[in-house]
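Novice: Mind having a look at this structure? Questions to follow.
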Amino acid sequence: MPKKRKWTKKRIASYILLIFALLYAGIMLWQTYKPLPPGISYAGELHQVDDIEFLYDLTFSKTKSKKHYTSELRIFKEVFQMIEEAEQFIVADFFMMDDYYDEKEDFIQLADQLSQTLIEKKKENPNMPIVYITDPVNTGYDSYESEWFKNLKKAGVQVVYTDLEPLRDSTPIYSGIYRMLFQWIEFGGKNHFPNFLASEAPDVKFTSYLKMLNIKANHRKTLVTDQAALVTSSNPHAASSRHGNVAFKVKGPIQNDILESEEAVLQYSSGGKLPRVENLEEGTGPYEVQYVTESKVLKALVEDIEKTQKGDRIRMGMFYLSEQQVIQPLERAANRGVKVEMILDPNENSFGSKKSGLPNRPVVQELRENTDNKIDVRWYNTVIGQYHTKLVTIQTADMTFITNGSSNMTERTLRDYNLEANLRIIAPTDSELTNEINTYFDRLWDNEDALYTLDVEKYQSNLTFFQRGIYALQRWIKMTTY
C-alpha cells in the first residue's frame, strides 16, 4: 500500500500560502482587466460645428516670486453664465468641489459660488432637472457628508456619487490585498483621522485611507445644458482656483453625446436617465468636434500624432506626462522632423506640500536623451498653484488636431482606470480657433508680458539618480499618485 502523506504544520502552511497566492493573483488580474461598465470608454461621432469658444485660466508673475502674482480667470465665470442661461436642464460632472485649504493665500471660494448658483437656479425653476455627478473624494470616501452637496440636495438638485467599485484597479499590488481583506473592514463611531484634503476638512475614518490607496476616480470636468456644453481641466475647488487650466465650449449634437456618456455613469452608479436636447442639427462650420473618454482619448491622440510629418508641429501644455504610449510616439515624431514644444508643470508642489518632481522631470530627461534634445521643453513658472492644463495641439499644413479636458498623459487617466473626458477638435490650421490657441501658447512660451515659463535647465539640472530610480520603480509596480 502507498505510504500516506503526513500532514505536518509546515505542509499545511505551504498549501495555505499557495492558495492565498493563487487567490491574490487571480483577484489582482481580474480587478485590473475586468469588463468596464456599459458606456464607459466612449468615442462619439465627429460633428461639424460653426464655432468653438476657447477659454483659459492663468496665474503668473513678472518674477519667480509670488508676492505680486496676477490671475486671469475665465472658466468658471463662463460656467456660472451657462447655468444662468439654461432653460430646460443642467448636468454637471466635476471631480472635486470643496473650499478647504491650508495655504495662506487669497483663493476663490468656487465651491460656494457654484453651489449657490445652482441653488438659485433651482429656486427660480423648481421643475428644471439639475443633476450633479461627482466623485466620493468629496465625502472623504464615505466618512462625512459634504456641506456643499448637502445644500444642493436640500435645494432639490440630484447629487450622484460615482460608484468607483466597478471600475478597474490601477494599483494591482495593493488592490489584490485591498479586495481580499481591507474592503471588508468597517469601523463605526466617530472619525478620528486627519483629512487627506486639508487640515480644516472633517476628519475621516481609517477605512477611508484604505479606499483612497486603491487609487481611482471620476476625474471628469464637464457641464452640459440645453444651450451648450463645456469640457475643461478645472475643478470648482478653492485650492485649485488659481491653477492654470483650459476649457472649450461647444454647441450642437455633441451636447447629446456628452449626455449619453454621462448617463452611463449615472445608470451604473444610481440608476436613472438624463434629458436630451431636441431638434439639434449638424452645423456647417469649419470645425469638427468629438467627445472621447478614458482610453479612447489615448487612441485618438496617438493616431493624430502618428499622422505628423517633417515640418509639422506638436504643442503640449500639460500637468502630468508619463504614459509611454504617448511619450514614444512623441519621440518618433521629433526624430522624423516634427517640431515638438512642451510647457510642463515642474511638479514642485501640490496644495502647499513639496513634491519630488515626479513624473515630469525624469520624463523630460528621457525625452531629451532619446531625441538628442530635439524636443523643446519649458517649465511653467508656478508661483502659486499648478499648471493644471491638459492641452495638446497637433498642427499640420492644413489641419490642426486638438485635445483637451480632464486627461493627464498618464497610465491611470488613459488606460481605462479613471473616468476621464476630453474634446477632440479638428480645425483648419488657418482658422480663428487655431490662431487663438497659438497666441495663448506663444504668450507663455515667449514670456511676452510676464515670466510665464522657465528654461528647461531650471529644474532638469536638479534631477537626481534617486528621483529617476523612484520614477522607474513606481512605473514598474504601478504605485503612483498620478
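Residues in the C-alpha cells are numbered from 1 in each chain, the chains being A, B, ... in the order shown, and ligands are numbered from 1 in the order shown.
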What residues in stretch 289-398 of chain A get the DSSP label alpha helix (DSSP H)? Please answer as a PyMOL selection string.

Specialist: chain A and resi 295-306+324-335+360-370

Novice: Kindly export the residues of the current selection with C-alpha atoms, as a PDB file, in the first residue's frame.

Specialist:
ATOM      1  CA  SER A 295      -8.779  55.031 -23.301  1.00  0.00           C
ATOM      2  CA  LYS A 296     -10.480  56.485 -26.391  1.00  0.00           C
ATOM      3  CA  VAL A 297      -8.601  59.719 -25.576  1.00  0.00           C
ATOM      4  CA  LEU A 298      -5.325  57.813 -25.891  1.00  0.00           C
ATOM      5  CA  LYS A 299      -6.330  56.034 -29.082  1.00  0.00           C
ATOM      6  CA  ALA A 300      -7.337  59.245 -30.858  1.00  0.00           C
ATOM      7  CA  LEU A 301      -4.302  61.173 -29.632  1.00  0.00           C
ATOM      8  CA  VAL A 302      -1.779  58.568 -30.758  1.00  0.00           C
ATOM      9  CA  GLU A 303      -3.446  58.297 -34.174  1.00  0.00           C
ATOM     10  CA  ASP A 304      -3.225  62.076 -34.576  1.00  0.00           C
ATOM     11  CA  ILE A 305       0.448  62.177 -33.518  1.00  0.00           C
ATOM     12  CA  GLU A 306       1.318  59.387 -35.953  1.00  0.00           C
ATOM     13  CA  GLN A 324       4.790  55.606 -22.565  1.00  0.00           C
ATOM     14  CA  GLN A 325       2.160  55.096 -25.278  1.00  0.00           C
ATOM     15  CA  VAL A 326       2.199  58.904 -25.679  1.00  0.00           C
ATOM     16  CA  ILE A 327       5.898  59.502 -24.990  1.00  0.00           C
ATOM     17  CA  GLN A 328       7.185  57.068 -27.605  1.00  0.00           C
ATOM     18  CA  PRO A 329       5.075  58.464 -30.489  1.00  0.00           C
ATOM     19  CA  LEU A 330       6.243  61.956 -29.495  1.00  0.00           C
ATOM     20  CA  GLU A 331       9.867  60.803 -29.628  1.00  0.00           C
ATOM     21  CA  ARG A 332       9.339  59.195 -33.035  1.00  0.00           C
ATOM     22  CA  ALA A 333       7.684  62.382 -34.301  1.00  0.00           C
ATOM     23  CA  ALA A 334      10.577  64.547 -33.107  1.00  0.00           C
ATOM     24  CA  ASN A 335      13.101  62.176 -34.669  1.00  0.00           C
ATOM     25  CA  ASN A 360       7.664  65.190 -15.376  1.00  0.00           C
ATOM     26  CA  ARG A 361      11.347  65.740 -14.594  1.00  0.00           C
ATOM     27  CA  PRO A 362      12.593  62.188 -15.267  1.00  0.00           C
ATOM     28  CA  VAL A 363      10.303  62.032 -18.309  1.00  0.00           C
ATOM     29  CA  VAL A 364      11.837  65.200 -19.726  1.00  0.00           C
ATOM     30  CA  GLN A 365      15.323  63.808 -19.241  1.00  0.00           C
ATOM     31  CA  GLU A 366      14.220  60.632 -21.019  1.00  0.00           C
ATOM     32  CA  LEU A 367      12.654  62.609 -23.885  1.00  0.00           C
ATOM     33  CA  ARG A 368      15.754  64.700 -24.402  1.00  0.00           C
ATOM     34  CA  GLU A 369      18.097  61.717 -24.276  1.00  0.00           C
ATOM     35  CA  ASN A 370      16.021  59.706 -26.768  1.00  0.00           C
TER      36      ASN A 370
END

Novice: Each residue of stretch 126-220 of chain A lying at most 12 Å from stretch 37-46 of chain A should get a row with its shortest atom-to-atom pair and the distance in Å to one decimal, counting only C-alpha atoms; could you produce that, ordered by chain and increasing number, as a tab-separated table?

Specialist:
residue	atom	partner	partner_atom	distance
A:Asp163	CA	A:Pro37	CA	10.6
A:Leu164	CA	A:Pro37	CA	10.5
A:Glu165	CA	A:Pro37	CA	10.4
A:Pro166	CA	A:Pro37	CA	6.8
A:Leu167	CA	A:Pro37	CA	7.4
A:Arg168	CA	A:Pro37	CA	9.8
A:Asn218	CA	A:Ile40	CA	11.3

Novice: If you keep C-alpha atoms, can you produce a file of those selected residues as a compact mmCIF listing (two decimals), in the first residue's frame?

Specialist:
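The result, written out as selection.txt:
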# COMPACT_ATOMS: atom_id res chain seq x y z
CA ASP A 163 -19.65 54.18 -7.78
CA LEU A 164 -15.93 53.50 -8.18
CA GLU A 165 -16.03 49.79 -7.30
CA PRO A 166 -16.99 48.54 -10.81
CA LEU A 167 -14.03 50.40 -12.31
CA ARG A 168 -10.69 48.69 -12.79
CA ASN A 218 -14.30 60.02 -11.62

Novice: Looking only at the backbone, which of the residues in stretch 151-302 of chain A does DSSP tag as strand (DSSP E), as a compact mmCIF listing (two decimals) with C-alpha atoms, in the first residue's frame?

Specialist:
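Saved result, states-v9.txt, follows:
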# COMPACT_ATOMS: atom_id res chain seq x y z
CA GLN A 158 -29.93 65.43 -7.80
CA VAL A 159 -26.47 64.59 -6.45
CA VAL A 160 -24.87 61.35 -7.67
CA TYR A 161 -21.68 60.00 -6.13
CA LYS A 221 -14.94 68.04 -15.55
CA THR A 222 -17.93 68.75 -17.79
CA LEU A 223 -21.06 70.88 -17.86
CA VAL A 224 -23.99 70.39 -20.26
CA THR A 225 -27.17 72.42 -20.56
CA ALA A 229 -21.57 72.18 -23.30
CA LEU A 230 -18.21 72.90 -21.72
CA VAL A 231 -15.31 70.48 -21.18
CA THR A 232 -12.40 71.62 -19.03
CA ASN A 245 -6.46 75.46 -16.92
CA VAL A 246 -8.11 75.37 -20.34
CA ALA A 247 -11.73 74.81 -21.48
CA PHE A 248 -13.69 74.60 -24.73
CA LYS A 249 -17.36 75.50 -25.08
CA VAL A 250 -19.37 73.93 -27.91
CA TYR A 287 -14.69 72.76 -37.19
CA GLU A 288 -15.23 69.12 -36.30
CA VAL A 289 -15.58 68.07 -32.68
CA GLN A 290 -15.76 64.70 -30.94
CA TYR A 291 -16.35 63.65 -27.33
CA VAL A 292 -13.91 60.96 -26.14
CA THR A 293 -13.48 59.37 -22.71

Novice: Hey, which of A:Thr410, A:Ser115, A:Gln31, A:Asn381 ends up closest to A:Thr63? Count only C-alpha atoms.

Specialist: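 Checking each candidate against A:Thr63, we get A:Asn381 as the closest.
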
Novice: Enter the distance from atom CA of A:Glu294 to atom CA of A:Lys390, in Å, rounded to one decimal.

Specialist: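 These atoms are spaced 13.9 Å apart.
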
Novice: As a list in words, please: the residues near stretch 81-97 of chain A (cut-off 6 Å, only C-alpha atoms, same-chain neighbours under 5 positions excluded).

Specialist: Ala111, Met128, Pro129, Ile130, Val131, Tyr132, Ile133, Thr134, Asp135, Asn218, His219, Arg220, Lys221, Thr222, Leu223, Val224, Thr225, Asp226, Asn235, Pro236 and His237 of chain A

Novice: Atoms to include: N, CA and C atoms. Write the selected residues as an mmCIF file, in the first residue's frame.

Specialist:
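Printed below is out-v2.cif as written:
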data_model
loop_
_atom_site.group_PDB
_atom_site.id
_atom_site.type_symbol
_atom_site.label_atom_id
_atom_site.label_comp_id
_atom_site.auth_asym_id
_atom_site.auth_seq_id
_atom_site.Cartn_x
_atom_site.Cartn_y
_atom_site.Cartn_z
ATOM 1 N N ALA A 111 -16.431 76.494 -4.702
ATOM 2 C CA ALA A 111 -17.485 75.570 -4.289
ATOM 3 C C ALA A 111 -18.703 76.339 -3.788
ATOM 4 N N MET A 128 -37.012 72.338 -13.108
ATOM 5 C CA MET A 128 -35.881 72.079 -14.007
ATOM 6 C C MET A 128 -35.008 70.967 -13.440
ATOM 7 N N PRO A 129 -34.742 69.900 -14.221
ATOM 8 C CA PRO A 129 -33.811 68.870 -13.752
ATOM 9 C C PRO A 129 -32.384 69.418 -13.667
ATOM 10 N N ILE A 130 -31.798 69.288 -12.507
ATOM 11 C CA ILE A 130 -30.387 69.640 -12.313
ATOM 12 C C ILE A 130 -29.709 68.428 -11.684
ATOM 13 N N VAL A 131 -28.734 67.871 -12.372
ATOM 14 C CA VAL A 131 -28.037 66.667 -11.924
ATOM 15 C C VAL A 131 -26.563 66.992 -11.765
ATOM 16 N N TYR A 132 -26.006 66.642 -10.616
ATOM 17 C CA TYR A 132 -24.589 66.873 -10.351
ATOM 18 C C TYR A 132 -23.940 65.524 -10.029
ATOM 19 N N ILE A 133 -23.103 65.056 -10.946
ATOM 20 C CA ILE A 133 -22.354 63.811 -10.750
ATOM 21 C C ILE A 133 -20.963 64.172 -10.250
ATOM 22 N N THR A 134 -20.478 63.432 -9.249
ATOM 23 C CA THR A 134 -19.184 63.781 -8.673
ATOM 24 C C THR A 134 -18.493 62.534 -8.138
ATOM 25 N N ASP A 135 -17.338 62.744 -7.535
ATOM 26 C CA ASP A 135 -16.506 61.651 -7.029
ATOM 27 C C ASP A 135 -16.637 61.545 -5.509
ATOM 28 N N ASN A 218 -13.586 59.347 -10.534
ATOM 29 C CA ASN A 218 -14.296 60.019 -11.618
ATOM 30 C C ASN A 218 -13.662 61.400 -11.717
ATOM 31 N N HIS A 219 -12.743 61.528 -12.661
ATOM 32 C CA HIS A 219 -11.896 62.709 -12.772
ATOM 33 C C HIS A 219 -12.426 63.691 -13.812
ATOM 34 N N ARG A 220 -13.641 63.474 -14.306
ATOM 35 C CA ARG A 220 -14.183 64.318 -15.375
ATOM 36 C C ARG A 220 -14.508 65.728 -14.884
ATOM 37 N N LYS A 221 -14.574 66.648 -15.835
ATOM 38 C CA LYS A 221 -14.939 68.043 -15.554
ATOM 39 C C LYS A 221 -15.751 68.554 -16.741
ATOM 40 N N THR A 222 -17.060 68.362 -16.677
ATOM 41 C CA THR A 222 -17.931 68.745 -17.793
ATOM 42 C C THR A 222 -19.184 69.432 -17.272
ATOM 43 N N LEU A 223 -19.778 70.248 -18.130
ATOM 44 C CA LEU A 223 -21.063 70.878 -17.861
ATOM 45 C C LEU A 223 -21.860 70.869 -19.159
ATOM 46 N N VAL A 224 -23.112 70.408 -19.097
ATOM 47 C CA VAL A 224 -23.989 70.389 -20.264
ATOM 48 C C VAL A 224 -25.329 70.997 -19.880
ATOM 49 N N THR A 225 -25.814 71.907 -20.698
ATOM 50 C CA THR A 225 -27.170 72.423 -20.558
ATOM 51 C C THR A 225 -27.861 72.253 -21.909
ATOM 52 N N ASP A 226 -29.125 72.661 -21.983
ATOM 53 C CA ASP A 226 -29.826 72.618 -23.261
ATOM 54 C C ASP A 226 -29.268 73.635 -24.247
ATOM 55 N N ASN A 235 -11.456 72.374 -11.746
ATOM 56 C CA ASN A 235 -12.381 71.931 -10.704
ATOM 57 C C ASN A 235 -12.917 73.126 -9.907
ATOM 58 N N PRO A 236 -14.168 73.041 -9.433
ATOM 59 C CA PRO A 236 -14.688 74.063 -8.519
ATOM 60 C C PRO A 236 -14.173 73.823 -7.099
ATOM 61 N N HIS A 237 -12.931 74.164 -6.886
ATOM 62 C CA HIS A 237 -12.189 73.773 -5.680
ATOM 63 C C HIS A 237 -11.289 74.945 -5.312
#

Novice: I need the residue nearest A:Ala239 from this list: A:Gly311, A:Leu473, A:Met479, A:Asp98. Use only C-alpha atoms for the distance.

Specialist: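 Checking each of A:Gly311, A:Leu473, A:Met479, A:Asp98 against A:Ala239, counting only C-alpha atoms, the winner is A:Asp98.
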
Novice: So how many Å separate atom CA of A:Leu391 and atom CA of A:Lys310, to one decimal?

Specialist: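 Result for atom CA of A:Leu391 versus atom CA of A:Lys310: 21.7 Å, one decimal.
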
Novice: Measuring atom to atom with only C-alpha atoms, identify which of A:Ala201, A:Gln109, A:Thr480, A:Gln48 is nearest to A:Lys251.

Specialist: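 Closest candidate: A:Gln48.
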
Novice: Taking 4 positions as the minimum chain separation for residues in the same chain, which residues sit within 10 Å of A:Asp106 when counting only C-alpha atoms? Answer as a ChimeraX atom specification.

Specialist: /A:238-239,241-242

Novice: Please indicate the distance in Å from atom CA of A:Ala217 to atom CA of A:Pro136, rounded to one decimal place.

Specialist: 8.1 Å

Novice: Using only C-alpha atoms for the distances, tell me which of A:Leu414, A:Val157, A:Met316, A:Ile108 is nearest to A:Asn127.

Specialist: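 Nearest to A:Asn127: A:Val157.
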
Novice: I'd like the contact shell of A:Phe401 - 9 Å cut-off, only C-alpha atoms, skipping same-chain residues fewer than 5 positions apart - returned as an NGL selection string.

Specialist: :A and (301 or 304-305 or 392-396 or 424-429)

Novice: What does the file look like for those residues with C-alpha atoms, as a PDB file, in the first residue's frame?

Specialist:
ATOM      1  CA  LEU A 301      -4.302  61.173 -29.632  1.00  0.00           C
ATOM      2  CA  ASP A 304      -3.225  62.076 -34.576  1.00  0.00           C
ATOM      3  CA  ILE A 305       0.448  62.177 -33.518  1.00  0.00           C
ATOM      4  CA  VAL A 392      -2.327  69.134 -26.936  1.00  0.00           C
ATOM      5  CA  THR A 393      -2.346  70.613 -30.448  1.00  0.00           C
ATOM      6  CA  ILE A 394      -1.006  68.703 -33.460  1.00  0.00           C
ATOM      7  CA  GLN A 395      -0.593  71.136 -36.318  1.00  0.00           C
ATOM      8  CA  THR A 396      -0.123  70.018 -39.927  1.00  0.00           C
ATOM      9  CA  ARG A 424     -11.113  66.220 -29.708  1.00  0.00           C
ATOM     10  CA  ILE A 425     -11.279  69.071 -32.206  1.00  0.00           C
ATOM     11  CA  ILE A 426     -10.187  69.218 -35.832  1.00  0.00           C
ATOM     12  CA  ALA A 427      -9.714  72.801 -37.012  1.00  0.00           C
ATOM     13  CA  PRO A 428      -8.234  74.337 -40.148  1.00  0.00           C
ATOM     14  CA  THR A 429      -4.701  75.462 -39.383  1.00  0.00           C
TER      15      THR A 429
END

Novice: Which residue is closest to A:Glu281? Choose from A:Arg412, A:Lys355, A:His47, A:Lys458 and count only C-alpha atoms.

Specialist: A:His47

Novice: With only C-alpha atoms as the atoms that count, which of A:Lys307, A:Arg313, A:Arg415, A:His243 lies nearest to A:Leu58?

Specialist: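 Closest residue, counting only C-alpha atoms: A:His243.
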
Novice: Write out as a PyMOL selection string the residues lying within 10 Å of stretch 182-198 of chain A, counting only C-alpha atoms and excluding same-chain residues fewer than 3 positions away.

Specialist: chain A and resi 98-103+137-138+140+143-144+174-179+201-212+214+239+351

Novice: Restrict the selected residues to N, CA and C atoms and save them as a compact mmCIF listing (two decimals), in the first residue's frame.

Specialist:
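Produced file part_29.txt, reproduced below:
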# COMPACT_ATOMS: atom_id res chain seq x y z
N ASP A 98 -14.85 71.55 -3.17
CA ASP A 98 -14.85 71.97 -1.76
C ASP A 98 -14.00 73.23 -1.65
N ASP A 99 -14.10 73.88 -0.52
CA ASP A 99 -13.34 75.11 -0.29
C ASP A 99 -12.39 74.98 0.89
N TYR A 100 -11.92 73.74 1.16
CA TYR A 100 -10.92 73.52 2.21
C TYR A 100 -9.52 73.75 1.64
N TYR A 101 -8.67 74.43 2.41
CA TYR A 101 -7.26 74.54 2.03
C TYR A 101 -6.47 75.02 3.24
N ASP A 102 -5.16 74.70 3.22
CA ASP A 102 -4.27 75.05 4.33
C ASP A 102 -3.39 76.25 4.01
N GLU A 103 -3.17 76.53 2.75
CA GLU A 103 -2.27 77.62 2.38
C GLU A 103 -2.85 78.98 2.75
N VAL A 137 -14.48 61.30 -3.38
CA VAL A 137 -13.45 62.02 -2.63
C VAL A 137 -14.07 63.18 -1.86
N ASN A 138 -15.21 63.70 -2.35
CA ASN A 138 -15.87 64.83 -1.69
C ASN A 138 -16.59 64.44 -0.40
N GLY A 140 -14.80 62.32 1.66
CA GLY A 140 -13.71 61.64 2.36
C GLY A 140 -13.85 60.15 2.22
N SER A 143 -16.81 59.10 4.67
CA SER A 143 -16.60 59.43 6.08
C SER A 143 -17.52 60.53 6.59
N TYR A 144 -17.98 61.41 5.69
CA TYR A 144 -18.80 62.54 6.11
C TYR A 144 -19.61 63.02 4.93
N TYR A 174 -1.38 46.60 -4.54
CA TYR A 174 -2.21 46.95 -3.38
C TYR A 174 -3.63 46.44 -3.53
N SER A 175 -4.18 46.55 -4.74
CA SER A 175 -5.60 46.23 -4.91
C SER A 175 -5.91 44.77 -4.60
N GLY A 176 -4.94 43.85 -4.86
CA GLY A 176 -5.17 42.45 -4.53
C GLY A 176 -5.42 42.27 -3.04
N ILE A 177 -4.59 42.92 -2.21
CA ILE A 177 -4.77 42.85 -0.75
C ILE A 177 -6.04 43.59 -0.34
N TYR A 178 -6.26 44.76 -0.95
CA TYR A 178 -7.46 45.54 -0.60
C TYR A 178 -8.73 44.75 -0.87
N ARG A 179 -8.81 44.13 -2.03
CA ARG A 179 -10.02 43.38 -2.40
C ARG A 179 -10.20 42.14 -1.53
N ALA A 201 -10.60 70.30 6.90
CA ALA A 201 -11.68 69.43 6.42
C ALA A 201 -12.05 68.43 7.51
N PRO A 202 -13.27 67.90 7.47
CA PRO A 202 -13.69 66.95 8.51
C PRO A 202 -12.77 65.75 8.60
N ASP A 203 -12.63 65.21 9.81
CA ASP A 203 -11.83 64.00 10.00
C ASP A 203 -12.45 62.84 9.22
N VAL A 204 -11.62 61.85 8.94
CA VAL A 204 -12.07 60.70 8.17
C VAL A 204 -11.82 59.40 8.94
N LYS A 205 -12.47 58.35 8.49
CA LYS A 205 -12.26 57.02 9.06
C LYS A 205 -10.96 56.43 8.52
N PHE A 206 -10.43 55.47 9.26
CA PHE A 206 -9.26 54.75 8.80
C PHE A 206 -9.56 54.03 7.49
N THR A 207 -10.78 53.53 7.35
CA THR A 207 -11.16 52.83 6.12
C THR A 207 -11.12 53.75 4.90
N SER A 208 -11.26 55.06 5.12
CA SER A 208 -11.18 56.00 4.00
C SER A 208 -9.78 56.02 3.41
N TYR A 209 -8.77 55.89 4.25
CA TYR A 209 -7.41 55.81 3.74
C TYR A 209 -7.19 54.53 2.94
N LEU A 210 -7.79 53.44 3.40
CA LEU A 210 -7.67 52.18 2.67
C LEU A 210 -8.31 52.30 1.28
N LYS A 211 -9.47 52.98 1.21
CA LYS A 211 -10.12 53.18 -0.09
C LYS A 211 -9.32 54.12 -0.97
N MET A 212 -8.79 55.17 -0.38
CA MET A 212 -8.03 56.16 -1.14
C MET A 212 -6.81 55.51 -1.80
N ASN A 214 -6.48 52.62 -2.91
CA ASN A 214 -6.88 51.85 -4.09
C ASN A 214 -7.27 52.85 -5.18
N ALA A 239 -8.66 75.55 -3.45
CA ALA A 239 -7.20 75.42 -3.53
C ALA A 239 -6.71 75.27 -4.97
N PHE A 351 -0.71 71.75 -3.53
CA PHE A 351 -1.52 72.34 -2.47
C PHE A 351 -0.69 72.65 -1.23
